[in-house]
file coords_14.txt (compact mmCIF, C-alpha atoms)
# COMPACT_ATOMS: atom_id res chain seq x y z
CA MET A 1 -8.55 -20.47 15.39
CA VAL A 2 -6.06 -18.67 13.17
CA LEU A 3 -4.62 -15.20 13.70
CA ALA A 4 -3.27 -13.58 10.53
CA SER A 5 -1.91 -10.10 9.94
CA ALA A 6 -0.57 -7.98 7.11
CA PRO A 7 0.96 -4.50 7.00
CA GLY A 8 -0.36 -1.32 5.51
CA LYS A 9 1.72 0.50 2.94
CA CYS A 10 2.91 3.91 1.83
CA ILE A 11 3.92 4.78 -1.72
CA LEU A 12 7.38 6.34 -1.62
CA PHE A 13 7.57 7.23 -5.31
CA GLY A 14 5.47 6.94 -8.45
CA GLU A 15 1.84 7.58 -7.52
CA HIS A 16 -0.30 8.60 -10.51
CA ALA A 17 2.60 8.10 -12.94
CA VAL A 18 2.20 4.34 -12.45
CA VAL A 19 -1.17 4.64 -14.23
CA TYR A 20 0.75 5.67 -17.37
CA GLY A 21 3.30 2.86 -17.40
CA GLN A 22 5.88 4.39 -15.07
CA PRO A 23 7.30 2.47 -12.08
CA ALA A 24 6.33 2.92 -8.43
CA VAL A 25 7.90 2.02 -5.09
CA ALA A 26 5.91 1.21 -1.95
CA VAL A 27 7.06 0.24 1.54
CA ALA A 28 5.27 -1.82 4.16
CA ILE A 29 4.66 0.03 7.43
CA ASP A 30 4.46 -1.14 11.03
CA ALA A 31 0.73 -0.42 11.34
CA ARG A 32 -1.10 -3.66 10.53
CA ILE A 33 -4.47 -5.27 9.93
CA ARG A 34 -5.10 -8.32 12.15
CA VAL A 35 -7.69 -10.93 11.20
CA LYS A 36 -8.95 -13.69 13.50
CA ILE A 37 -10.67 -16.56 11.68
CA GLU A 38 -12.51 -19.46 13.28
CA LYS A 39 -15.37 -21.78 12.46
CA SER A 40 -18.75 -20.49 13.52
CA GLU A 41 -21.81 -22.31 14.86
CA SER A 42 -23.90 -19.13 14.52
CA GLY A 43 -23.66 -18.61 10.77
CA TRP A 44 -21.34 -16.28 8.88
CA GLN A 45 -20.19 -13.42 11.09
CA ILE A 46 -17.86 -10.46 10.93
CA ASP A 47 -16.89 -8.63 14.09
CA GLY A 48 -19.64 -10.46 15.97
CA MET A 49 -22.42 -9.41 13.57
CA LYS A 50 -24.13 -11.11 10.64
CA PHE A 51 -21.87 -10.98 7.59
CA ASP A 52 -23.22 -8.40 5.12
CA LYS A 53 -21.49 -8.96 1.79
CA SER A 54 -22.36 -5.51 0.49
CA ARG A 55 -20.54 -3.87 3.39
CA HIS A 56 -17.46 -6.10 3.11
CA PRO A 57 -16.92 -6.75 -0.61
CA HIS A 58 -13.17 -7.42 -0.28
CA LEU A 59 -13.69 -10.09 2.36
CA ASP A 60 -16.56 -11.60 0.40
CA ALA A 61 -14.38 -11.82 -2.72
CA ILE A 62 -11.61 -13.64 -0.83
CA LEU A 63 -13.98 -16.09 0.85
CA LYS A 64 -15.73 -16.95 -2.43
CA ARG A 65 -12.37 -17.74 -4.00
CA MET A 66 -10.83 -19.69 -1.14
CA TRP A 67 -13.23 -21.12 1.40
CA THR A 68 -14.62 -24.47 0.32
CA GLY A 69 -13.51 -26.33 3.43
CA ASP A 70 -16.10 -28.38 5.32
CA GLY A 71 -18.51 -27.78 2.47
CA GLY A 72 -18.14 -24.05 2.91
CA ALA A 73 -19.09 -24.18 6.59
CA PRO A 74 -19.63 -20.72 8.13
CA LEU A 75 -16.71 -18.78 9.53
CA SER A 76 -16.44 -16.00 12.05
CA VAL A 77 -14.00 -13.24 11.09
CA GLN A 78 -12.85 -10.44 13.36
CA ILE A 79 -10.77 -7.54 12.04
CA GLU A 80 -8.61 -5.10 13.99
CA SER A 81 -6.72 -2.23 12.38
CA ASP A 82 -3.87 0.07 13.38
CA LEU A 83 -4.31 2.10 10.19
CA PHE A 84 -5.98 5.45 9.67
CA GLY A 85 -9.30 4.69 7.97
CA ALA A 86 -9.80 5.58 4.28
CA ALA A 87 -6.36 7.19 4.22
CA GLY A 88 -4.75 5.43 1.26
CA LEU A 89 -2.62 3.14 3.44
CA GLY A 90 -3.77 -0.11 1.83
CA SER A 91 -6.20 -1.41 4.46
CA SER A 92 -8.34 -3.38 1.98
CA ALA A 93 -5.24 -5.00 0.48
CA ALA A 94 -4.00 -5.95 3.95
CA ILE A 95 -7.39 -7.49 4.78
CA CYS A 96 -7.27 -9.52 1.56
CA ALA A 97 -3.68 -10.70 2.11
CA ALA A 98 -4.16 -11.59 5.78
CA THR A 99 -7.44 -13.42 5.16
CA ALA A 100 -5.99 -15.38 2.22
CA ALA A 101 -3.00 -16.47 4.31
CA GLY A 102 -5.20 -17.40 7.27
CA ILE A 103 -7.56 -19.53 5.18
CA LEU A 104 -4.64 -21.31 3.51
CA HIS A 105 -3.38 -22.24 6.97
CA ILE A 106 -6.84 -23.43 8.08
CA ARG A 107 -6.87 -25.57 4.94
CA GLY A 108 -3.64 -27.23 6.02
CA THR A 109 -0.73 -25.21 4.62
CA PRO A 110 2.07 -24.93 7.23
CA VAL A 111 3.02 -21.38 8.14
CA ASP A 112 6.56 -21.78 6.81
CA GLU A 113 5.23 -23.03 3.46
CA LEU A 114 2.69 -20.28 2.74
CA PRO A 115 3.00 -19.39 -0.98
CA LEU A 116 3.55 -15.62 -0.98
CA ARG A 117 3.12 -15.29 -4.72
CA GLY A 118 -0.19 -17.15 -4.55
CA ILE A 119 -1.41 -15.07 -1.62
CA ALA A 120 -0.53 -11.84 -3.43
CA THR A 121 -2.23 -13.03 -6.63
CA THR A 122 -5.41 -14.11 -4.85
CA ALA A 123 -5.53 -10.87 -2.85
CA HIS A 124 -5.06 -8.80 -6.02
CA LEU A 125 -7.85 -10.63 -7.86
CA ALA A 126 -10.18 -10.26 -4.87
CA GLU A 127 -9.43 -6.55 -4.59
CA ALA A 128 -10.09 -6.12 -8.32
CA GLU A 129 -13.43 -7.94 -8.02
CA ALA A 130 -14.46 -5.77 -5.08
CA GLN A 131 -13.48 -2.60 -6.95
CA GLY A 132 -15.32 -3.19 -10.18
CA GLY A 133 -12.47 -4.91 -12.01
CA ARG A 134 -9.84 -2.22 -11.39
CA ALA A 135 -6.87 -2.72 -9.08
CA SER A 136 -3.12 -2.36 -9.24
CA PRO A 137 -1.07 -5.11 -7.52
CA ILE A 138 1.05 -2.55 -5.64
CA ASP A 139 -0.90 -2.63 -2.37
CA THR A 140 -1.52 -6.39 -2.23
CA SER A 141 2.08 -7.23 -3.17
CA THR A 142 3.47 -4.90 -0.52
CA SER A 143 1.12 -6.23 2.18
CA THR A 144 2.09 -9.79 1.29
CA LEU A 145 5.85 -9.49 0.71
CA GLY A 146 6.63 -6.69 3.17
CA GLY A 147 9.78 -4.60 2.89
CA ALA A 148 9.97 -2.40 -0.20
CA VAL A 149 8.25 -3.35 -3.45
CA PHE A 150 9.12 -1.97 -6.89
CA VAL A 151 6.41 -2.30 -9.55
CA SER A 152 7.13 -1.67 -13.24
CA ASP A 153 5.83 -2.59 -16.67
CA LYS A 154 9.14 -4.37 -17.31
CA ARG A 155 11.74 -6.35 -15.38
CA GLU A 156 14.15 -3.96 -13.72
CA SER A 157 17.84 -4.64 -13.03
CA LEU A 158 17.94 -2.49 -9.90
CA ALA A 159 15.67 -4.77 -7.84
CA GLU A 160 15.01 -8.50 -7.37
CA TRP A 161 12.25 -9.69 -9.70
CA LYS A 162 9.59 -11.76 -7.91
CA TYR A 163 6.67 -12.44 -10.27
CA THR A 164 4.41 -11.10 -13.03
CA ARG A 165 0.81 -10.03 -12.49
CA ASP A 166 -1.74 -9.70 -15.29
CA LEU A 167 -5.24 -8.29 -15.19
CA ARG A 168 -7.71 -7.23 -17.87
CA ILE A 169 -9.00 -3.76 -17.00
CA ASP A 170 -11.70 -2.15 -19.12
CA GLY A 171 -10.94 -4.57 -21.94
CA VAL A 172 -7.20 -3.88 -21.92
CA GLN A 173 -4.67 -6.43 -20.67
CA ARG A 174 -2.38 -4.88 -18.07
CA THR A 175 0.90 -6.48 -16.99
CA TRP A 176 3.03 -5.60 -13.98
CA GLU A 177 6.44 -6.93 -12.97
CA ILE A 178 6.78 -7.15 -9.19
CA HIS A 179 10.21 -6.74 -7.56
CA SER A 180 11.59 -6.51 -4.04
CA VAL A 181 14.13 -3.84 -3.14
CA SER A 182 16.77 -5.01 -0.66
CA LEU A 183 16.89 -2.56 2.25
CA PRO A 184 20.33 -2.14 3.89
CA GLN A 185 20.58 -1.94 7.66
CA SER A 186 21.64 1.72 7.43
CA LEU A 187 18.07 2.64 6.50
CA GLN A 188 16.99 1.73 10.03
CA GLU A 189 18.69 4.93 11.19
CA ALA A 190 15.65 6.80 9.89
CA SER A 191 11.91 6.51 10.46
CA LEU A 192 8.88 7.25 8.35
CA VAL A 193 6.40 9.64 9.95
CA ILE A 194 2.95 9.44 8.35
CA GLY A 195 0.67 12.45 8.60
CA PHE A 196 -3.07 12.09 7.92
CA THR A 197 -5.17 15.10 6.92
CA GLY A 198 -8.28 13.56 8.48
CA ARG A 199 -9.94 13.47 5.06
CA PRO A 200 -9.94 10.51 2.66
CA GLY A 201 -8.07 10.81 -0.61
CA PRO A 202 -10.69 10.31 -3.39
CA THR A 203 -8.63 8.02 -5.62
CA SER A 204 -10.97 7.74 -8.61
CA GLN A 205 -11.57 11.50 -8.68
CA MET A 206 -7.87 12.31 -8.51
CA VAL A 207 -7.00 9.79 -11.24
CA ALA A 208 -9.71 11.34 -13.43
CA LYS A 209 -8.37 14.82 -12.65
CA VAL A 210 -4.90 13.86 -13.89
CA ALA A 211 -6.34 12.24 -17.03
CA ASP A 212 -8.26 15.44 -17.79
CA LEU A 213 -5.15 17.57 -17.21
CA LEU A 214 -3.10 15.45 -19.61
CA LYS A 215 -5.84 15.70 -22.22
CA ARG A 216 -5.92 19.50 -21.93
CA GLN A 217 -2.17 19.95 -21.51
CA PRO A 218 -0.37 17.01 -23.16
CA GLU A 219 2.98 18.62 -22.36
CA LYS A 220 2.34 17.64 -18.73
CA MET A 221 3.18 14.08 -19.73
CA GLU A 222 6.78 15.21 -19.31
CA ASP A 223 6.09 15.53 -15.57
CA ILE A 224 4.71 11.98 -15.53
CA GLU A 225 7.92 10.76 -17.17
CA ARG A 226 10.01 12.76 -14.70
CA ILE A 227 8.19 11.04 -11.83
CA GLY A 228 9.23 7.73 -13.39
CA ASN A 229 12.87 8.87 -13.51
CA VAL A 230 12.70 10.03 -9.87
CA THR A 231 11.20 6.68 -8.90
CA ARG A 232 14.11 4.75 -10.41
CA ALA A 233 16.60 7.10 -8.74
CA GLY A 234 14.78 6.69 -5.42
CA ALA A 235 14.74 2.89 -5.72
CA THR A 236 18.49 2.91 -6.39
CA ALA A 237 19.06 5.14 -3.35
CA LEU A 238 17.00 2.77 -1.21
CA SER A 239 19.00 -0.27 -2.34
CA LEU A 240 22.26 1.57 -1.52
CA GLY A 241 21.01 2.77 1.87
CA ASN A 242 21.58 6.41 0.88
CA LEU A 243 19.12 8.24 3.13
CA GLN A 244 19.98 11.70 1.82
CA ALA A 245 19.34 10.65 -1.78
CA VAL A 246 16.04 9.00 -0.81
CA GLY A 247 14.97 12.28 0.82
CA ILE A 248 15.96 14.33 -2.22
CA ALA A 249 13.93 12.00 -4.46
CA MET A 250 10.91 12.34 -2.14
CA ASN A 251 11.10 16.13 -2.28
CA GLU A 252 11.34 16.14 -6.06
CA CYS A 253 8.46 13.68 -6.37
CA HIS A 254 6.26 15.95 -4.24
CA ARG A 255 7.13 18.96 -6.38
CA LEU A 256 6.14 17.06 -9.53
CA LEU A 257 2.90 15.81 -7.96
CA GLN A 258 2.05 19.41 -7.06
CA GLY A 259 2.63 20.26 -10.70
CA ILE A 260 -0.04 17.82 -11.87
CA GLY A 261 -2.50 19.15 -9.30
CA VAL A 262 -2.96 16.22 -6.93
CA SER A 263 -1.59 17.70 -3.71
CA ASP A 264 -3.69 20.15 -1.69
CA SER A 265 -3.20 22.87 0.91
CA ASP A 266 -3.41 20.51 3.91
CA LEU A 267 -0.87 18.10 2.46
CA ASP A 268 1.45 20.93 1.42
CA ARG A 269 1.18 22.50 4.88
CA MET A 270 2.18 19.24 6.58
CA VAL A 271 5.04 18.65 4.13
CA GLU A 272 6.39 22.16 4.78
CA ALA A 273 6.09 21.66 8.53
CA ALA A 274 8.03 18.39 8.36
CA LEU A 275 10.91 19.55 6.14
CA PRO A 276 13.04 21.35 8.77
CA THR A 277 13.50 18.11 10.72
CA SER A 278 13.34 15.66 7.80
CA LEU A 279 15.51 14.30 5.02
CA GLY A 280 12.53 14.51 2.66
CA ALA A 281 8.75 14.74 2.69
CA LYS A 282 5.91 14.28 0.21
CA MET A 283 2.26 13.41 -0.21
CA THR A 284 1.59 9.70 -0.62
CA GLY A 285 -1.20 8.00 -2.55
CA ALA A 286 -3.98 9.63 -4.51
CA GLY A 287 -3.81 13.10 -2.96
CA GLY A 288 -6.67 15.53 -2.49
CA GLY A 289 -6.60 14.48 1.16
CA GLY A 290 -5.25 11.29 2.65
CA CYS A 291 -1.66 11.23 3.87
CA MET A 292 1.84 12.62 3.54
CA ILE A 293 5.08 11.01 4.68
CA ALA A 294 8.38 12.30 6.01
CA LEU A 295 11.71 10.47 6.17
CA THR A 296 13.39 11.60 9.35
CA GLN A 297 16.04 10.84 11.95
CA GLU A 298 14.08 12.92 14.47
CA PRO A 299 10.67 11.26 14.37
CA ARG A 300 9.33 12.83 17.56
CA ARG A 301 10.13 16.38 16.44
CA THR A 302 8.80 15.72 12.96
CA ALA A 303 5.55 14.23 14.29
CA GLU A 304 5.08 17.21 16.61
CA ALA A 305 5.60 19.63 13.71
CA ILE A 306 2.99 17.83 11.60
CA GLU A 307 0.53 17.75 14.49
CA MET A 308 1.02 21.48 15.08
CA VAL A 309 -0.51 22.17 11.65
CA GLY A 310 -3.43 19.79 12.17
CA GLY A 311 -2.15 16.39 11.04
CA HIS A 312 -2.68 13.06 12.80
CA THR A 313 0.54 11.04 12.92
CA MET A 314 1.99 7.58 13.25
CA THR A 315 5.61 6.47 12.98
CA SER A 316 7.04 3.41 11.24
CA ARG A 317 10.28 1.87 10.17
CA LEU A 318 11.05 1.73 6.46
CA GLY A 319 9.85 -1.68 5.31
CA ALA A 320 7.96 -3.75 7.89
CA PRO A 321 7.48 -7.55 7.67
CA GLY A 322 4.84 -8.90 5.33
CA VAL A 323 1.94 -11.27 5.91
CA ASP A 324 2.12 -13.41 9.05
CA VAL A 325 0.03 -16.27 10.47
CA LYS A 326 -0.21 -17.72 13.96
CA THR A 327 -2.40 -20.51 15.31
CA SER A 328 -4.16 -20.21 18.64
CA ASP A 329 -5.68 -23.23 20.35
call {"tool": "encode", "arguments": {"input": "coords_14.txt", "output": "C-alpha cells"}}
result
Amino acid sequence: MVLASAPGKCILFGEHAVVYGQPAVAVAIDARIRVKIEKSESGWQIDGMKFDKSRHPHLDAILKRMWTGDGGAPLSVQIESDLFGAAGLGSSAAICAATAAGILHIRGTPVDELPLRGIATTAHLAEAEAQGGRASPIDTSTSTLGGAVFVSDKRESLAEWKYTRDLRIDGVQRTWEIHSVSLPQSLQEASLVIGFTGRPGPTSQMVAKVADLLKRQPEKMEDIERIGNVTRAGATALSLGNLQAVGIAMNECHRLLQGIGVSDSDLDRMVEAALPTSLGAKMTGAGGGGCMIALTQEPRRTAEAIEMVGGHTMTSRLGAPGVDVKTSD
C-alpha cells in the first residue's frame, strides 16, 4: 500500500491576466489531498465503491496514462481532502499529482528519486484530458513542486527556471515556463488566511466574462498588463522576503481584479474585513465566488474578522511542501 499526498494552492498574483500571456504566482498551502493506493481483489474501487470513470475523470485520466502494472490489475484508491470543495484551491491538480507519484512508487521508483518534472507533466496532461483539453500547468506544478511557483510565457530572471510545458488548446500551441521562487525564512513570520464564500467560483464563466469585457472595452487590456506588472513586483518581494511589499502587491492586484469585474460582494466584504489586521488581502482564483486570501501576522484575529462576515476559514504558511509519498506495509 502506498500513501501519497499533495498540497492545494492559492494564486497570489496574476489570475485572469495569465490567460492573456501575463505571469502568475501561486503558493502551495498546508491543506492537502491524501491518496491511498493498493491492489484490489474486488475490482476497481474508489473510496470503497465501484470506480465510476464519469464521476472521477481526473483519476481515470491518470490511471489510463500510468497504470499498466500487473497487466493493469485493479486498484483500490481512497481520497481524503483538507480543502474546501469546489473552491478554486487546486484539488483536482493535487489528486493528479499525488496519484501519479504514488503509482510511480508502486511501479518501483524510490521515493527519493521521484521525477518531479515528470509527475507535474503527467498531472497536467491528465487534468487537460479531464477538462476537455484545457488546463494551465499552474495548479499541477504548484501541487508537485510545493513552495511558490512563478509561471510565465518566457524565462524570468527573478526566479529559478524549472521546466517548459507545452499544450495545444483549441488548435493553438501554448507554452509556459515554470519557475520556483525561493522563499526566505522571514516570510514564515506571516500566515495566509484563506476565506471561502461557500460558493464555487465558476471558472469558465468568469474567463468568458473577462473575454467579453475586453472585446467591448479593449482599453481594459491595460488593466490586464498592470496585473502582469504587479505580479512581477510581487514575485520580487517574495524572493526578498519583503512582507509589506507582498501585501501592497496583493491589495493592488485585488483592485485591478475588481476593475475587470471578477470579484463580487462576498469576496469584497471578506477582503475589507481582513484588511485592518492584514498586510494585504485579495480574491484568489476565478472569482464570482470561491476564495479570498489575507497575508497576516495576526492569523487568529484575521480569521475571526473574515468569519464575522460569513466566510469559512483555514490558515496556512506561505509555501507548503510539494508532493510526498510514504509506503505502509
call {"tool": "closest_residue", "arguments": {"input": "coords_14.txt", "among": "A:Ile62, A:Leu267, A:Ala294, A:Ala281", "to": "A:Gly311", "atoms": "all atoms listed in the file"}}
result
A:Leu267
call {"tool": "closest_atom_pairs", "arguments": {"input": "coords_14.txt", "of": "stretch 14-94 of chain A", "to": "stretch 120-131 of chain A", "cutoff": "6 Å", "atoms": "only C-alpha atoms", "output": "JSON lines"}}
result
{"residue": "A:Pro57", "atom": "CA", "partner": "A:Ala130", "partner_atom": "CA", "distance": 5.2}
{"residue": "A:His58", "atom": "CA", "partner": "A:Ala130", "partner_atom": "CA", "distance": 5.2}
{"residue": "A:Ala61", "atom": "CA", "partner": "A:Ala126", "partner_atom": "CA", "distance": 5.0}
{"residue": "A:Ile62", "atom": "CA", "partner": "A:Ala126", "partner_atom": "CA", "distance": 5.5}
call {"tool": "write_last_selection", "arguments": {"input": "coords_14.txt", "atoms": "C-alpha atoms", "output": "tab-separated table (two decimals), in the frame of the given file"}}
result
chain	number	residue	atom	x	y	z
A	57	PRO	CA	-16.92	-6.75	-0.61
A	58	HIS	CA	-13.17	-7.42	-0.28
A	61	ALA	CA	-14.38	-11.82	-2.72
A	62	ILE	CA	-11.61	-13.64	-0.83
call {"tool": "atom_distance", "arguments": {"input": "coords_14.txt", "atom1": "atom CA of A:Leu59", "atom2": "atom CA of A:Cys96"}}
result
6.5 Å
call {"tool": "atom_distance", "arguments": {"input": "coords_14.txt", "atom1": "atom CA of A:Val181", "atom2": "atom CA of A:Tyr163"}}
result
13.4 Å
call {"tool": "closest_residue", "arguments": {"input": "coords_14.txt", "among": "A:Cys253, A:Met292, A:Ala101, A:Ala190", "to": "A:Asp268", "atoms": "only C-alpha atoms"}}
result
A:Met292
call {"tool": "closest_residue", "arguments": {"input": "coords_14.txt", "among": "A:Pro23, A:Gly247, A:Gly147, A:Pro321", "to": "A:Thr231", "atoms": "all atoms listed in the file"}}
result
A:Pro23
call {"tool": "residues_around", "arguments": {"input": "coords_14.txt", "residues": "stretch 240-244 of chain A", "least_positions_apart": "3", "cutoff": "12 Å", "atoms": "all atoms listed in the file", "output": "number ranges by chain"}}
result
A: 158-159, 181-192, 233-237, 247-251, 278-281, 294-297, 318
call {"tool": "write_last_selection", "arguments": {"input": "coords_14.txt", "atoms": "C-alpha atoms", "output": "short mmCIF file (atom, residue, chain, number, x, y, z; two decimals), keeping the file's coordinate frame"}}
result
data_model
loop_
_atom_site.label_atom_id
_atom_site.label_comp_id
_atom_site.auth_asym_id
_atom_site.auth_seq_id
_atom_site.Cartn_x
_atom_site.Cartn_y
_atom_site.Cartn_z
CA LEU A 158 17.94 -2.49 -9.90
CA ALA A 159 15.67 -4.77 -7.84
CA VAL A 181 14.13 -3.84 -3.14
CA SER A 182 16.77 -5.01 -0.66
CA LEU A 183 16.89 -2.56 2.25
CA PRO A 184 20.33 -2.14 3.89
CA GLN A 185 20.58 -1.94 7.66
CA SER A 186 21.64 1.72 7.43
CA LEU A 187 18.07 2.64 6.50
CA GLN A 188 16.99 1.73 10.03
CA GLU A 189 18.69 4.93 11.19
CA ALA A 190 15.65 6.80 9.89
CA SER A 191 11.91 6.51 10.46
CA LEU A 192 8.88 7.25 8.35
CA ALA A 233 16.60 7.10 -8.74
CA GLY A 234 14.78 6.69 -5.42
CA ALA A 235 14.74 2.89 -5.72
CA THR A 236 18.49 2.91 -6.39
CA ALA A 237 19.06 5.14 -3.35
CA GLY A 247 14.97 12.28 0.82
CA ILE A 248 15.96 14.33 -2.22
CA ALA A 249 13.93 12.00 -4.46
CA MET A 250 10.91 12.34 -2.14
CA ASN A 251 11.10 16.13 -2.28
CA SER A 278 13.34 15.66 7.80
CA LEU A 279 15.51 14.30 5.02
CA GLY A 280 12.53 14.51 2.66
CA ALA A 281 8.75 14.74 2.69
CA ALA A 294 8.38 12.30 6.01
CA LEU A 295 11.71 10.47 6.17
CA THR A 296 13.39 11.60 9.35
CA GLN A 297 16.04 10.84 11.95
CA LEU A 318 11.05 1.73 6.46
#
call {"tool": "atom_distance", "arguments": {"input": "coords_14.txt", "atom1": "atom CA of A:Val149", "atom2": "atom CA of A:Gly289"}}
result
23.7 Å
call {"tool": "build_atoms", "arguments": {"input": "coords_14.txt", "residues": "stretch 176-193 of chain A", "atoms": "N, CA and C atoms", "output": "short mmCIF file (atom, residue, chain, number, x, y, z; two decimals), keeping the file's coordinate frame"}}
result
data_model
loop_
_atom_site.label_atom_id
_atom_site.label_comp_id
_atom_site.auth_asym_id
_atom_site.auth_seq_id
_atom_site.Cartn_x
_atom_site.Cartn_y
_atom_site.Cartn_z
N TRP A 176 2.11 -6.22 -14.91
CA TRP A 176 3.03 -5.60 -13.98
C TRP A 176 4.12 -6.60 -13.59
N GLU A 177 5.33 -6.11 -13.47
CA GLU A 177 6.44 -6.93 -12.97
C GLU A 177 6.72 -6.49 -11.53
N ILE A 178 6.65 -7.44 -10.61
CA ILE A 178 6.78 -7.15 -9.19
C ILE A 178 8.20 -7.50 -8.73
N HIS A 179 8.85 -6.54 -8.07
CA HIS A 179 10.21 -6.74 -7.56
C HIS A 179 10.27 -6.40 -6.08
N SER A 180 11.28 -6.93 -5.40
CA SER A 180 11.59 -6.51 -4.04
C SER A 180 12.89 -5.71 -4.06
N VAL A 181 12.92 -4.64 -3.29
CA VAL A 181 14.13 -3.84 -3.14
C VAL A 181 14.79 -4.22 -1.82
N SER A 182 16.04 -4.66 -1.88
CA SER A 182 16.77 -5.01 -0.66
C SER A 182 17.06 -3.74 0.12
N LEU A 183 16.74 -3.75 1.42
CA LEU A 183 16.89 -2.56 2.25
C LEU A 183 18.07 -2.75 3.21
N PRO A 184 19.17 -2.02 3.01
CA PRO A 184 20.33 -2.14 3.89
C PRO A 184 20.01 -1.72 5.32
N GLN A 185 20.79 -2.23 6.25
CA GLN A 185 20.58 -1.94 7.66
C GLN A 185 20.67 -0.45 7.96
N SER A 186 21.45 0.28 7.18
CA SER A 186 21.64 1.72 7.43
C SER A 186 20.32 2.49 7.34
N LEU A 187 19.35 1.95 6.61
CA LEU A 187 18.07 2.64 6.50
C LEU A 187 17.31 2.66 7.82
N GLN A 188 17.67 1.76 8.74
CA GLN A 188 16.99 1.73 10.03
C GLN A 188 17.37 2.92 10.91
N GLU A 189 18.33 3.71 10.45
CA GLU A 189 18.69 4.93 11.19
C GLU A 189 17.61 5.99 11.05
N ALA A 190 16.71 5.82 10.12
CA ALA A 190 15.65 6.80 9.89
C ALA A 190 14.28 6.15 10.07
N SER A 191 13.29 6.97 10.32
CA SER A 191 11.91 6.51 10.46
C SER A 191 11.04 7.21 9.42
N LEU A 192 9.88 6.64 9.22
CA LEU A 192 8.88 7.25 8.35
C LEU A 192 7.75 7.76 9.24
N VAL A 193 7.53 9.07 9.23
CA VAL A 193 6.40 9.64 9.95
C VAL A 193 5.29 9.88 8.94
#
